[in-house]
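Next comes work.cif, a file with mmCIF, C-alpha atoms and all ligand atoms.
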data_protein
loop_
_atom_site.group_PDB
_atom_site.id
_atom_site.type_symbol
_atom_site.label_atom_id
_atom_site.label_comp_id
_atom_site.auth_asym_id
_atom_site.auth_seq_id
_atom_site.Cartn_x
_atom_site.Cartn_y
_atom_site.Cartn_z
ATOM 1 C CA MET M 1 -1.732 19.630 -16.792
ATOM 2 C CA ILE M 2 -2.181 15.891 -16.673
ATOM 3 C CA LYS M 3 -3.717 14.195 -13.641
ATOM 4 C CA VAL M 4 -2.478 10.837 -12.354
ATOM 5 C CA GLN M 5 -4.530 8.767 -9.922
ATOM 6 C CA ILE M 6 -2.719 6.209 -7.762
ATOM 7 C CA PRO M 7 -4.336 3.685 -5.386
ATOM 8 C CA ALA M 8 -3.219 2.976 -1.836
ATOM 9 C CA THR M 9 -1.797 -0.464 -1.237
ATOM 10 C CA SER M 10 -1.901 -2.972 1.562
ATOM 11 C CA ALA M 11 1.260 -5.067 1.555
ATOM 12 C CA ASN M 12 2.167 -8.385 3.199
ATOM 13 C CA ILE M 13 -1.464 -9.462 3.861
ATOM 14 C CA GLY M 14 -0.177 -11.154 6.983
ATOM 15 C CA SER M 15 2.015 -14.034 5.905
ATOM 16 C CA GLY M 16 3.232 -12.725 2.540
ATOM 17 C CA PHE M 17 5.979 -10.552 3.983
ATOM 18 C CA ASP M 18 7.681 -8.509 1.242
ATOM 19 C CA SER M 19 5.932 -10.523 -1.462
ATOM 20 C CA LEU M 20 2.113 -10.070 -1.461
ATOM 21 C CA GLY M 21 0.182 -6.831 -1.812
ATOM 22 C CA LEU M 22 -3.097 -5.488 -3.103
ATOM 23 C CA ALA M 23 -4.448 -2.149 -4.279
ATOM 24 C CA VAL M 24 -7.411 -0.567 -2.479
ATOM 25 C CA THR M 25 -9.935 2.157 -3.255
ATOM 26 C CA MET M 26 -8.198 5.091 -1.564
ATOM 27 C CA TYR M 27 -6.376 7.402 -3.959
ATOM 28 C CA ASN M 28 -3.814 10.133 -4.255
ATOM 29 C CA THR M 29 -3.922 12.376 -7.302
ATOM 30 C CA ILE M 30 -1.028 14.282 -8.793
ATOM 31 C CA GLU M 31 -1.404 16.977 -11.421
ATOM 32 C CA MET M 32 1.752 17.865 -13.281
ATOM 33 C CA GLU M 33 3.212 19.656 -16.257
ATOM 34 C CA GLU M 34 6.635 20.763 -17.408
ATOM 35 C CA SER M 35 7.685 24.241 -16.450
ATOM 36 C CA ASP M 36 10.849 26.345 -16.357
ATOM 37 C CA ARG M 37 10.961 26.176 -12.546
ATOM 38 C CA LEU M 38 9.954 23.867 -9.712
ATOM 39 C CA ASP M 39 6.557 24.694 -8.206
ATOM 40 C CA ILE M 40 5.075 22.096 -5.851
ATOM 41 C CA GLN M 41 1.865 22.540 -3.880
ATOM 42 C CA SER M 42 -0.278 20.395 -1.647
ATOM 43 C CA LEU M 43 -3.942 20.926 -2.512
ATOM 44 C CA ASP M 44 -5.286 19.376 0.688
ATOM 45 C CA GLY M 45 -3.025 20.979 3.256
ATOM 46 C CA MET M 46 -0.985 17.846 3.962
ATOM 47 C CA PRO M 47 2.586 19.046 4.555
ATOM 48 C CA ILE M 48 4.922 17.848 1.768
ATOM 49 C CA PRO M 49 8.443 18.828 0.698
ATOM 50 C CA ARG M 50 8.210 21.592 -1.892
ATOM 51 C CA ASP M 51 11.814 21.505 -3.086
ATOM 52 C CA ASP M 52 13.825 18.961 -5.074
ATOM 53 C CA THR M 53 13.651 16.478 -2.178
ATOM 54 C CA ASN M 54 9.969 15.919 -3.063
ATOM 55 C CA LEU M 55 9.538 12.225 -3.904
ATOM 56 C CA VAL M 56 7.151 12.843 -6.811
ATOM 57 C CA TYR M 57 9.587 15.292 -8.353
ATOM 58 C CA GLN M 58 12.554 12.954 -7.800
ATOM 59 C CA SER M 59 10.666 10.148 -9.538
ATOM 60 C CA VAL M 60 9.747 12.387 -12.476
ATOM 61 C CA LYS M 61 13.370 13.525 -12.750
ATOM 62 C CA TYR M 62 14.597 9.928 -12.637
ATOM 63 C CA ILE M 63 12.495 9.059 -15.696
ATOM 64 C CA TYR M 64 13.531 12.184 -17.608
ATOM 65 C CA ASP M 65 17.214 11.434 -16.883
ATOM 66 C CA LEU M 66 16.781 7.779 -17.846
ATOM 67 C CA CYS M 67 15.227 8.800 -21.148
ATOM 68 C CA GLY M 68 17.897 11.443 -21.756
ATOM 69 C CA LYS M 69 15.390 14.321 -21.689
ATOM 70 C CA PRO M 70 16.325 17.620 -20.057
ATOM 71 C CA LEU M 71 13.990 18.856 -17.331
ATOM 72 C CA LYS M 72 14.105 22.476 -16.214
ATOM 73 C CA GLY M 73 11.264 22.306 -13.731
ATOM 74 C CA MET M 74 7.776 21.002 -13.036
ATOM 75 C CA THR M 75 4.501 22.250 -11.717
ATOM 76 C CA ILE M 76 3.199 19.585 -9.332
ATOM 77 C CA ARG M 77 -0.106 19.647 -7.427
ATOM 78 C CA GLN M 78 -0.580 16.811 -4.945
ATOM 79 C CA THR M 79 -3.772 15.680 -3.279
ATOM 80 C CA ASN M 80 -2.890 13.086 -0.656
ATOM 81 C CA HIS M 81 -5.783 11.037 0.638
ATOM 82 C CA ILE M 82 -3.392 8.224 1.597
ATOM 83 C CA PRO M 83 -2.085 9.012 5.081
ATOM 84 C CA MET M 84 1.698 9.001 5.424
ATOM 85 C CA ALA M 85 3.681 6.341 7.276
ATOM 86 C CA ARG M 86 0.590 4.256 8.055
ATOM 87 C CA GLY M 87 1.329 1.143 5.962
ATOM 88 C CA LEU M 88 -0.928 2.136 3.064
ATOM 89 C CA GLY M 89 1.751 2.776 0.452
ATOM 90 C CA SER M 90 1.992 6.575 0.539
ATOM 91 C CA SER M 91 5.648 6.521 -0.628
ATOM 92 C CA SER M 92 4.802 4.058 -3.378
ATOM 93 C CA ALA M 93 2.014 6.349 -4.519
ATOM 94 C CA CYS M 94 4.468 9.249 -4.875
ATOM 95 C CA ILE M 95 7.016 7.168 -6.789
ATOM 96 C CA VAL M 96 4.463 5.436 -8.996
ATOM 97 C CA GLY M 97 2.605 8.701 -9.662
ATOM 98 C CA GLY M 98 5.855 10.410 -10.606
ATOM 99 C CA ILE M 99 7.076 7.736 -13.002
ATOM 100 C CA VAL M 100 3.663 7.112 -14.622
ATOM 101 C CA GLY M 101 3.139 10.849 -15.121
ATOM 102 C CA ALA M 102 6.653 11.425 -16.475
ATOM 103 C CA ASN M 103 6.379 8.494 -18.857
ATOM 104 C CA TYR M 104 3.055 9.847 -20.154
ATOM 105 C CA LEU M 105 4.462 13.371 -20.615
ATOM 106 C CA LEU M 106 7.354 11.895 -22.615
ATOM 107 C CA GLY M 107 5.028 9.957 -24.949
ATOM 108 C CA SER M 108 5.287 6.585 -23.148
ATOM 109 C CA PRO M 109 8.832 5.482 -24.071
ATOM 110 C CA LEU M 110 8.803 2.910 -21.219
ATOM 111 C CA CYS M 111 6.556 -0.156 -21.171
ATOM 112 C CA GLN M 112 4.668 -1.278 -18.066
ATOM 113 C CA ARG M 113 7.196 -4.002 -17.187
ATOM 114 C CA GLU M 114 9.957 -1.415 -17.185
ATOM 115 C CA LEU M 115 7.881 0.847 -14.940
ATOM 116 C CA VAL M 116 7.276 -2.074 -12.546
ATOM 117 C CA ASN M 117 11.043 -2.696 -12.301
ATOM 118 C CA ILE M 118 11.883 0.977 -11.840
ATOM 119 C CA ALA M 119 9.195 1.532 -9.190
ATOM 120 C CA ALA M 120 10.257 -1.514 -7.156
ATOM 121 C CA THR M 121 13.941 -0.611 -7.352
ATOM 122 C CA MET M 122 13.231 2.954 -6.242
ATOM 123 C CA GLU M 123 10.779 1.963 -3.526
ATOM 124 C CA GLY M 124 12.554 -1.191 -2.372
ATOM 125 C CA HIS M 125 9.314 -3.111 -1.794
ATOM 126 C CA PRO M 126 7.719 -4.714 -4.859
ATOM 127 C CA ASP M 127 4.739 -5.755 -2.715
ATOM 128 C CA ASN M 128 3.755 -2.063 -2.491
ATOM 129 C CA SER M 129 4.898 -0.542 -5.763
ATOM 130 C CA THR M 130 3.619 -3.304 -8.073
ATOM 131 C CA PRO M 131 -0.046 -3.295 -6.960
ATOM 132 C CA ALA M 132 0.030 0.524 -6.980
ATOM 133 C CA LEU M 133 0.982 0.324 -10.661
ATOM 134 C CA LEU M 134 -1.161 -2.605 -11.730
ATOM 135 C CA GLY M 135 -4.043 -2.850 -9.239
ATOM 136 C CA GLY M 136 -5.442 -6.157 -7.980
ATOM 137 C CA LEU M 137 -3.610 -8.732 -5.893
ATOM 138 C CA VAL M 138 0.050 -9.011 -6.787
ATOM 139 C CA THR M 139 2.596 -11.656 -5.897
ATOM 140 C CA ALA M 140 6.043 -10.232 -6.556
ATOM 141 C CA VAL M 141 9.719 -11.089 -6.205
ATOM 142 C CA LEU M 142 12.411 -8.450 -6.775
ATOM 143 C CA GLU M 143 15.595 -10.086 -8.057
ATOM 144 C CA LYS M 144 18.573 -8.088 -9.329
ATOM 145 C CA GLY M 145 16.494 -5.073 -10.321
ATOM 146 C CA LYS M 146 13.778 -7.110 -12.024
ATOM 147 C CA VAL M 147 10.333 -7.903 -10.645
ATOM 148 C CA TYR M 148 8.920 -11.375 -11.305
ATOM 149 C CA TYR M 149 5.218 -11.035 -10.626
ATOM 150 C CA VAL M 150 1.671 -12.167 -11.234
ATOM 151 C CA LYS M 151 -1.288 -9.820 -10.940
ATOM 152 C CA GLN M 152 -4.645 -11.394 -10.203
ATOM 153 C CA ALA M 153 -7.950 -9.546 -10.394
ATOM 154 C CA ILE M 154 -9.951 -10.094 -7.192
ATOM 155 C CA ALA M 155 -13.731 -10.494 -6.915
ATOM 156 C CA GLN M 156 -15.700 -7.620 -5.421
ATOM 157 C CA ASP M 157 -17.323 -9.618 -2.614
ATOM 158 C CA LEU M 158 -14.837 -8.544 0.045
ATOM 159 C CA ARG M 159 -14.324 -5.316 1.948
ATOM 160 C CA PHE M 160 -11.020 -4.222 3.416
ATOM 161 C CA VAL M 161 -11.718 -2.125 6.477
ATOM 162 C CA ALA M 162 -8.670 0.002 7.290
ATOM 163 C CA ILE M 163 -8.365 0.930 10.960
ATOM 164 C CA ILE M 164 -5.833 3.732 10.920
ATOM 165 C CA PRO M 165 -4.114 4.816 14.155
ATOM 166 C CA ASN M 166 -3.489 8.473 14.835
ATOM 167 C CA PHE M 167 0.283 7.893 14.845
ATOM 168 C CA GLU M 168 2.873 7.151 12.206
ATOM 169 C CA LEU M 169 5.070 4.081 12.045
ATOM 170 C CA LYS M 170 7.998 4.527 9.708
ATOM 171 C CA THR M 171 8.857 1.446 7.663
ATOM 172 C CA SER M 172 12.559 1.750 8.538
ATOM 173 C CA PHE M 173 11.702 1.695 12.250
ATOM 174 C CA ALA M 174 9.229 -1.184 11.861
ATOM 175 C CA ARG M 175 11.876 -3.184 9.991
ATOM 176 C CA GLN M 176 14.431 -2.640 12.748
ATOM 177 C CA ALA M 177 12.105 -4.523 15.100
ATOM 178 C CA LEU M 178 12.494 -7.703 13.028
ATOM 179 C CA PRO M 179 14.918 -10.516 13.879
ATOM 180 C CA ARG M 180 17.913 -11.055 11.570
ATOM 181 C CA ASP M 181 17.353 -14.795 11.383
ATOM 182 C CA VAL M 182 14.333 -17.068 11.616
ATOM 183 C CA SER M 183 14.062 -20.777 12.232
ATOM 184 C CA HIS M 184 13.402 -23.297 9.466
ATOM 185 C CA LYS M 185 10.106 -24.089 11.193
ATOM 186 C CA ASP M 186 8.974 -20.442 11.074
ATOM 187 C CA ALA M 187 10.025 -20.110 7.430
ATOM 188 C CA VAL M 188 7.840 -23.104 6.544
ATOM 189 C CA PHE M 189 5.022 -21.694 8.697
ATOM 190 C CA ASN M 190 5.001 -18.516 6.616
ATOM 191 C CA LEU M 191 5.603 -19.805 3.127
ATOM 192 C CA SER M 192 2.743 -22.300 3.399
ATOM 193 C CA ARG M 193 0.389 -19.562 4.596
ATOM 194 C CA ALA M 194 1.517 -17.008 2.013
ATOM 195 C CA ALA M 195 0.847 -19.498 -0.759
ATOM 196 C CA LEU M 196 -2.543 -20.255 0.817
ATOM 197 C CA MET M 197 -3.354 -16.517 1.028
ATOM 198 C CA SER M 198 -2.657 -15.871 -2.619
ATOM 199 C CA VAL M 199 -4.775 -18.741 -3.962
ATOM 200 C CA SER M 200 -7.552 -18.344 -1.368
ATOM 201 C CA LEU M 201 -8.099 -14.660 -2.147
ATOM 202 C CA TYR M 202 -8.082 -15.381 -5.847
ATOM 203 C CA SER M 203 -10.345 -18.419 -5.723
ATOM 204 C CA GLY M 204 -12.820 -17.093 -3.141
ATOM 205 C CA ASN M 205 -11.917 -19.621 -0.426
ATOM 206 C CA TYR M 206 -12.319 -16.991 2.244
ATOM 207 C CA HIS M 207 -12.669 -19.486 5.102
ATOM 208 C CA ASN M 208 -8.874 -19.958 4.746
ATOM 209 C CA LEU M 209 -8.024 -16.297 5.252
ATOM 210 C CA LYS M 210 -7.684 -16.281 9.029
ATOM 211 C CA ILE M 211 -5.135 -19.089 9.030
ATOM 212 C CA ALA M 212 -3.465 -17.683 5.924
ATOM 213 C CA CYS M 213 -2.937 -14.297 7.646
ATOM 214 C CA ASP M 214 -1.008 -15.868 10.489
ATOM 215 C CA ASP M 215 2.654 -15.069 10.423
ATOM 216 C CA ARG M 216 5.903 -15.457 12.329
ATOM 217 C CA LEU M 217 8.170 -13.134 10.361
ATOM 218 C CA HIS M 218 6.982 -9.650 11.207
ATOM 219 C CA GLN M 219 3.594 -9.241 12.902
ATOM 220 C CA PRO M 220 4.569 -10.711 16.295
ATOM 221 C CA TYR M 221 7.381 -8.125 16.461
ATOM 222 C CA ARG M 222 5.422 -5.186 15.106
ATOM 223 C CA LEU M 223 2.188 -5.598 17.048
ATOM 224 C CA SER M 224 3.841 -4.311 20.218
ATOM 225 C CA LEU M 225 4.776 -1.100 18.337
ATOM 226 C CA ILE M 226 1.057 -0.380 17.839
ATOM 227 C CA ASP M 227 -0.624 0.337 21.151
ATOM 228 C CA GLY M 228 -4.163 -1.025 21.055
ATOM 229 C CA ALA M 229 -3.530 -3.443 18.169
ATOM 230 C CA HIS M 230 -4.213 -6.632 20.142
ATOM 231 C CA GLU M 231 -7.556 -5.260 21.351
ATOM 232 C CA VAL M 232 -8.533 -4.161 17.831
ATOM 233 C CA PHE M 233 -7.658 -7.602 16.433
ATOM 234 C CA ASP M 234 -9.868 -9.208 19.085
ATOM 235 C CA LEU M 235 -12.715 -6.795 18.335
ATOM 236 C CA ALA M 236 -12.573 -7.455 14.600
ATOM 237 C CA TYR M 237 -12.723 -11.223 15.085
ATOM 238 C CA GLN M 238 -15.551 -10.791 17.590
ATOM 239 C CA TYR M 239 -17.496 -8.849 14.921
ATOM 240 C CA GLY M 240 -16.937 -11.586 12.367
ATOM 241 C CA ALA M 241 -13.943 -10.519 10.260
ATOM 242 C CA TYR M 242 -12.569 -13.235 7.993
ATOM 243 C CA ALA M 243 -9.053 -12.083 8.861
ATOM 244 C CA MET M 244 -6.972 -9.306 10.420
ATOM 245 C CA TYR M 245 -3.446 -8.225 9.655
ATOM 246 C CA ILE M 246 -1.037 -5.305 9.922
ATOM 247 C CA SER M 247 -1.184 -3.442 6.633
ATOM 248 C CA GLY M 248 2.362 -3.124 5.245
ATOM 249 C CA ALA M 249 4.714 -2.120 8.022
ATOM 250 C CA GLY M 250 1.825 -0.556 10.009
ATOM 251 C CA SER M 251 0.470 1.313 11.771
ATOM 252 C CA THR M 252 -2.825 0.551 9.958
ATOM 253 C CA LEU M 253 -4.659 -2.630 10.928
ATOM 254 C CA MET M 254 -6.695 -4.197 8.138
ATOM 255 C CA ALA M 255 -9.815 -6.310 8.517
ATOM 256 C CA ILE M 256 -11.055 -8.457 5.652
ATOM 257 C CA VAL M 257 -14.835 -8.906 5.749
ATOM 258 C CA ASN M 258 -17.636 -10.127 3.546
ATOM 259 C CA SER M 259 -19.090 -7.269 1.473
ATOM 260 C CA GLU M 260 -22.523 -8.050 2.926
ATOM 261 C CA ARG M 261 -21.281 -7.019 6.369
ATOM 262 C CA THR M 262 -22.326 -3.393 5.854
ATOM 263 C CA ASP M 263 -22.464 -2.832 9.629
ATOM 264 C CA PHE M 264 -18.876 -3.935 10.313
ATOM 265 C CA ALA M 265 -17.156 -0.540 9.959
ATOM 266 C CA GLN M 266 -19.698 1.108 12.249
ATOM 267 C CA GLN M 267 -19.297 -1.684 14.815
ATOM 268 C CA MET M 268 -15.544 -1.203 14.720
ATOM 269 C CA ARG M 269 -16.035 2.539 15.123
ATOM 270 C CA GLU M 270 -18.081 2.027 18.260
ATOM 271 C CA GLY M 271 -15.721 -0.660 19.537
ATOM 272 C CA CYS M 272 -12.643 1.516 18.978
ATOM 273 C CA ASP M 273 -14.346 4.467 20.672
ATOM 274 C CA ALA M 274 -15.089 2.247 23.673
ATOM 275 C CA LEU M 275 -11.381 1.350 23.782
ATOM 276 C CA GLY M 276 -10.508 5.046 23.838
ATOM 277 C CA LEU M 277 -9.281 4.952 20.236
ATOM 278 C CA ASN M 278 -11.644 7.661 19.016
ATOM 279 C CA GLN M 279 -8.787 9.442 17.195
ATOM 280 C CA TRP M 280 -8.267 6.414 14.950
ATOM 281 C CA GLN M 281 -9.887 6.556 11.535
ATOM 282 C CA ILE M 282 -11.871 3.773 9.942
ATOM 283 C CA HIS M 283 -12.255 3.506 6.167
ATOM 284 C CA GLU M 284 -14.243 0.846 4.369
ATOM 285 C CA LEU M 285 -12.372 0.010 1.153
ATOM 286 C CA SER M 286 -12.482 -2.564 -1.625
ATOM 287 C CA VAL M 287 -9.774 -4.036 -3.801
ATOM 288 C CA THR M 288 -9.378 -2.082 -7.007
ATOM 289 C CA ASN M 289 -8.242 -4.102 -9.975
ATOM 290 C CA VAL M 290 -7.139 -0.901 -11.740
ATOM 291 C CA GLY M 291 -3.731 0.521 -10.931
ATOM 292 C CA ALA M 292 -2.223 3.976 -11.425
ATOM 293 C CA ARG M 293 -3.537 5.767 -14.477
ATOM 294 C CA VAL M 294 -3.645 9.098 -16.183
ATOM 295 C CA LEU M 295 -7.196 10.395 -15.910
ATOM 296 C CA GLU M 296 -8.732 11.693 -19.106
ATOM 297 C CA ASP M 297 -10.590 15.003 -18.888
HETATM 298 N N1 LIG Y 301 6.829 -5.429 3.028
HETATM 299 C C1 LIG Y 301 7.229 -4.166 3.588
HETATM 300 C C2 LIG Y 301 7.367 -4.286 5.101
HETATM 301 C C3 LIG Y 301 6.190 -3.162 3.244
HETATM 302 O O1 LIG Y 301 6.517 -4.914 5.710
HETATM 303 O O2 LIG Y 301 8.313 -3.758 5.669
HETATM 304 C C4 LIG Y 301 6.586 -1.783 3.643
HETATM 305 O O3 LIG Y 301 6.307 -0.885 2.651
#

Output the file's structure in the form of structure tokens.
Amino acid sequence: MIKVQIPATSANIGSGFDSLGLAVTMYNTIEMEESDRLDIQSLDGMPIPRDDTNLVYQSVKYIYDLCGKPLKGMTIRQTNHIPMARGLGSSSACIVGGIVGANYLLGSPLCQRELVNIAATMEGHPDNSTPALLGGLVTAVLEKGKVYYVKQAIAQDLRFVAIIPNFELKTSFARQALPRDVSHKDAVFNLSRAALMSVSLYSGNYHNLKIACDDRLHQPYRLSLIDGAHEVFDLAYQYGAYAMYISGAGSTLMAIVNSERTDFAQQMREGCDALGLNQWQIHELSVTNVGARVLED
């Protein structure tokens, strides 16, 4: 069995809708080996499809087919620490884990750029799949099946505190809430902030992050789908967060704080409890500059 570790991702980072994303220190692992039948198990009790509709299996099969290799079956063991449909890249983790594992089992016929293109095409959102593969902060554009991207390693002086509601928000549903058209003014509003986000995170100009997180393309429409979000945003700013945004399509809300703010997560815990959000989880994470990888024994 090989074991693949894949980080969670936090896409959009406010203004960078469908184009910015970063990898964080929450991981799924997938053990896999070829077999003469399909045998899929969840090692942590999270319910997952155990037939050929399983996303990890479909991604493995895609790579075998692409490389012209027959595949009778697979043994797959999934450990899912990334909660599903919460805007932390759980689908990306399945796809990326499947293609990285399959490529390794086949002797690495595909290079990393090819894996980036395949993952984004399968997933549909390069801002999730690319940081899951590469780690760090990624700026990505998917154009005709090819991802044009830059990965930047981020300093370790920030914490990303994930405030995870006890309800799912499916990306397809969260995308339906978005308007078909936006004004020229709103387009300029976002592109200037997305550019500012990318360079500010990379260069350590964290005083820009609050303004850079502001957005008119998706968050105003999605916030109302997350009961309690406005109050949690207010709390986080009251406790000194640099910035707050909806992670991916939600439902997770992400606070960016200075790494010296070791009390922030606990303050948010108490604040959320006081708001009646005691079922919400809070995880203090960092950016990981290492993407999906096969773990050596
Ligand atoms: N950029 C995508 C969205 C991420 O916000 O819909 C979802 O995976």

Edge lengths and centre in Å, axis-aligned, range 3-11 of chain M plus 4 Å each side, as lines of an AutoDock Vina configuration file:
center_x = -1.6
center_y = 4.6
center_z = -6.0
size_x = 13.8
size_y = 27.3
size_z = 23.2

Give me the chain M side of the contact with ligand LIG 301 (chain Y), cut-off 6 Å, one line per residue showing its nearest atom pair and distance in Å at one decimal, counting all atoms listed in the file, sorted by chain and residue number, as CSV.
residue,atom,partner,partner_atom,distance
M:Ala11,CA,Y:LIG301,C3,5.5
M:Asn12,CA,Y:LIG301,N1,5.5
M:Phe17,CA,Y:LIG301,N1,5.3
M:Asp18,CA,Y:LIG301,N1,3.7
M:His125,CA,Y:LIG301,O3,5.8
M:Asn128,CA,Y:LIG301,O3,5.9
M:Thr171,CA,Y:LIG301,O2,5.6
M:Arg175,CA,Y:LIG301,O2,5.6
M:Gly248,CA,Y:LIG301,C3,4.3
M:Ala249,CA,Y:LIG301,O1,4.1

(request) Give me the result of the PyMOL selection byres (((chain M and resi 219) around 9) and not hetatm) on this file, residue by residue, as a list in words. (result)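 For this structure, the PyMOL selection byres (((chain M and resi 219) around 9) and not hetatm) resolves to Gly14, Ser15, Asp214, Asp215, Arg216, Leu217, His218, Pro220, Tyr221, Arg222, Leu223, Ser224, Tyr245, Ile246 and Ala249 of chain M.
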
(message) So, with only C-alpha atoms as the atoms that count, which of M:Phe167, M:Leu66, M:Ala153, M:Gly228 lies closest to Tyr202 in chain M?
(response)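 Smallest distance to Tyr202 in chain M is found for M:Ala153.
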
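With CA of Val60 in chain M on one side and CA of Leu88 in chain M on the other, the separation reads 21.5 Å.
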
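The smallest atom-to-atom distance between Ala93 in chain M and any of M:Cys213, M:Leu225, M:Met26, M:Leu178, using only C-alpha atoms, is found for M:Met26.
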
Produce a table with one row for each residue of range 74-151 of chain M that has an atom at most 12 Å from any atom of range 251-264 of chain M, each row naming the nearest atom pair and its distance in Å at one decimal; use only C-alpha atoms; arrange rows by chain and rising residue number; format as a tab-separated table.
residue	atom	partner	partner_atom	distance
M:Ile82	CA	M:Thr252	CA	11.4
M:Pro83	CA	M:Thr252	CA	9.8
M:Met84	CA	M:Ser251	CA	10.0
M:Ala85	CA	M:Ser251	CA	7.5
M:Arg86	CA	M:Ser251	CA	4.7
M:Gly87	CA	M:Thr252	CA	5.8
M:Leu88	CA	M:Thr252	CA	7.3
M:Gly89	CA	M:Thr252	CA	10.8

Using the selection just defined, write its residues with C-alpha atoms as a PDB file, in the frame of the given file.
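The file below, selection_8.pdb, is the result:
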ATOM      1  CA  ILE M  82      -3.392   8.224   1.597  1.00  0.00           C
ATOM      2  CA  PRO M  83      -2.085   9.012   5.081  1.00  0.00           C
ATOM      3  CA  MET M  84       1.698   9.001   5.424  1.00  0.00           C
ATOM      4  CA  ALA M  85       3.681   6.341   7.276  1.00  0.00           C
ATOM      5  CA  ARG M  86       0.590   4.256   8.055  1.00  0.00           C
ATOM      6  CA  GLY M  87       1.329   1.143   5.962  1.00  0.00           C
ATOM      7  CA  LEU M  88      -0.928   2.136   3.064  1.00  0.00           C
ATOM      8  CA  GLY M  89       1.751   2.776   0.452  1.00  0.00           C
TER       9      GLY M  89
END

(request) Point out the residue among M:Leu134, M:Ala241, M:Leu22, M:Val161 with the least atom-to-atom distance to Val116 in chain M, counting all atoms listed in the file. (result) M:Leu134

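Going from CA of Tyr27 in chain M over to CA of Thr9 in chain M, you cover 9.5 Å.
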
(request) Could you tell me how far CA of Lys72 in chain M lies from CA of Gly101 in chain M, in Å and to one decimal? (result)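 The value is 16.0 Å.
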
(request) Would you mind listing what lies within 8 Å of range 277-281 of chain M as a list in words, with only C-alpha atoms counted and same-chain residues fewer than 4 positions away left out? (result) Ala162, Ile163, Ile164, Pro165, Asn166, Gly228, Arg269, Cys272 and Asp273 of chain M

File of the preceding selection, C-alpha atoms, as a JSON list (two decimals), keeping the file's coordinate frame:
[["chain", "number", "residue", "atom", "x", "y", "z"],
["M", 162, "ALA", "CA", -8.67, 0.00, 7.29],
["M", 163, "ILE", "CA", -8.36, 0.93, 10.96],
["M", 164, "ILE", "CA", -5.83, 3.73, 10.92],
["M", 165, "PRO", "CA", -4.11, 4.82, 14.16],
["M", 166, "ASN", "CA", -3.49, 8.47, 14.84],
["M", 228, "GLY", "CA", -4.16, -1.02, 21.06],
["M", 269, "ARG", "CA", -16.04, 2.54, 15.12],
["M", 272, "CYS", "CA", -12.64, 1.52, 18.98],
["M", 273, "ASP", "CA", -14.35, 4.47, 20.67]]

(message) Can you translate the PyMOL selection byres (((chain M and resi 61) around 12) and not hetatm) into the concrete residues it hits in this file, as a VMD selection string?
(response) chain M and resid 34 38 52 to 60 62 to 74 95 98 to 103 105 to 106

Near Ser19 in chain M, counting all atoms listed in the file, which residues have an atom at most 12 Å away, once you skip same-chain residues fewer than 4 positions from it, shown as a JSON list (two decimals) with C-alpha atoms, in the coordinates of the input?
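What ended up in selection_27.json:
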[["chain", "number", "residue", "atom", "x", "y", "z"],
["M", 10, "SER", "CA", -1.90, -2.97, 1.56],
["M", 11, "ALA", "CA", 1.26, -5.07, 1.56],
["M", 12, "ASN", "CA", 2.17, -8.38, 3.20],
["M", 13, "ILE", "CA", -1.46, -9.46, 3.86],
["M", 14, "GLY", "CA", -0.18, -11.15, 6.98],
["M", 15, "SER", "CA", 2.02, -14.03, 5.90],
["M", 120, "ALA", "CA", 10.26, -1.51, -7.16],
["M", 124, "GLY", "CA", 12.55, -1.19, -2.37],
["M", 125, "HIS", "CA", 9.31, -3.11, -1.79],
["M", 126, "PRO", "CA", 7.72, -4.71, -4.86],
["M", 127, "ASP", "CA", 4.74, -5.76, -2.72],
["M", 128, "ASN", "CA", 3.76, -2.06, -2.49],
["M", 129, "SER", "CA", 4.90, -0.54, -5.76],
["M", 130, "THR", "CA", 3.62, -3.30, -8.07],
["M", 131, "PRO", "CA", -0.05, -3.30, -6.96],
["M", 137, "LEU", "CA", -3.61, -8.73, -5.89],
["M", 138, "VAL", "CA", 0.05, -9.01, -6.79],
["M", 139, "THR", "CA", 2.60, -11.66, -5.90],
["M", 140, "ALA", "CA", 6.04, -10.23, -6.56],
["M", 141, "VAL", "CA", 9.72, -11.09, -6.20],
["M", 142, "LEU", "CA", 12.41, -8.45, -6.78],
["M", 143, "GLU", "CA", 15.60, -10.09, -8.06],
["M", 147, "VAL", "CA", 10.33, -7.90, -10.64],
["M", 148, "TYR", "CA", 8.92, -11.38, -11.30],
["M", 149, "TYR", "CA", 5.22, -11.04, -10.63],
["M", 150, "VAL", "CA", 1.67, -12.17, -11.23],
["M", 151, "LYS", "CA", -1.29, -9.82, -10.94],
["M", 190, "ASN", "CA", 5.00, -18.52, 6.62],
["M", 191, "LEU", "CA", 5.60, -19.80, 3.13],
["M", 194, "ALA", "CA", 1.52, -17.01, 2.01],
["M", 195, "ALA", "CA", 0.85, -19.50, -0.76],
["M", 197, "MET", "CA", -3.35, -16.52, 1.03],
["M", 198, "SER", "CA", -2.66, -15.87, -2.62],
["M", 248, "GLY", "CA", 2.36, -3.12, 5.24]]

Between range 85-155 of chain M and range 41-49 of chain M, at 12 Å or less, what are the per-residue closest atom pairs and their distances in Å? Count only C-alpha atoms, order by chain and rising residue number, and return it as CSV.
residue,atom,partner,partner_atom,distance
M:Ser90,CA,M:Ile48,CA,11.7
M:Ser91,CA,M:Ile48,CA,11.6
M:Cys94,CA,M:Ile48,CA,10.9

(request) Report as a PyMOL selection string the residues that result from applying the PyMOL selection byres (((chain M and resi 287-294) around 9) and not hetatm) to the structure here. (result) chain M and resi 2-7+22-25+93+96-97+100-101+104+130-137+152-156+158-160+285-286+295-296

(message) Nearest residue to Asp39 in chain M out of M:Ala274, M:Ile76, M:Leu20, M:Ala229, using only C-alpha atoms?
(response)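 Residue with the minimum atom-to-atom distance to Asp39 in chain M: M:Ile76.
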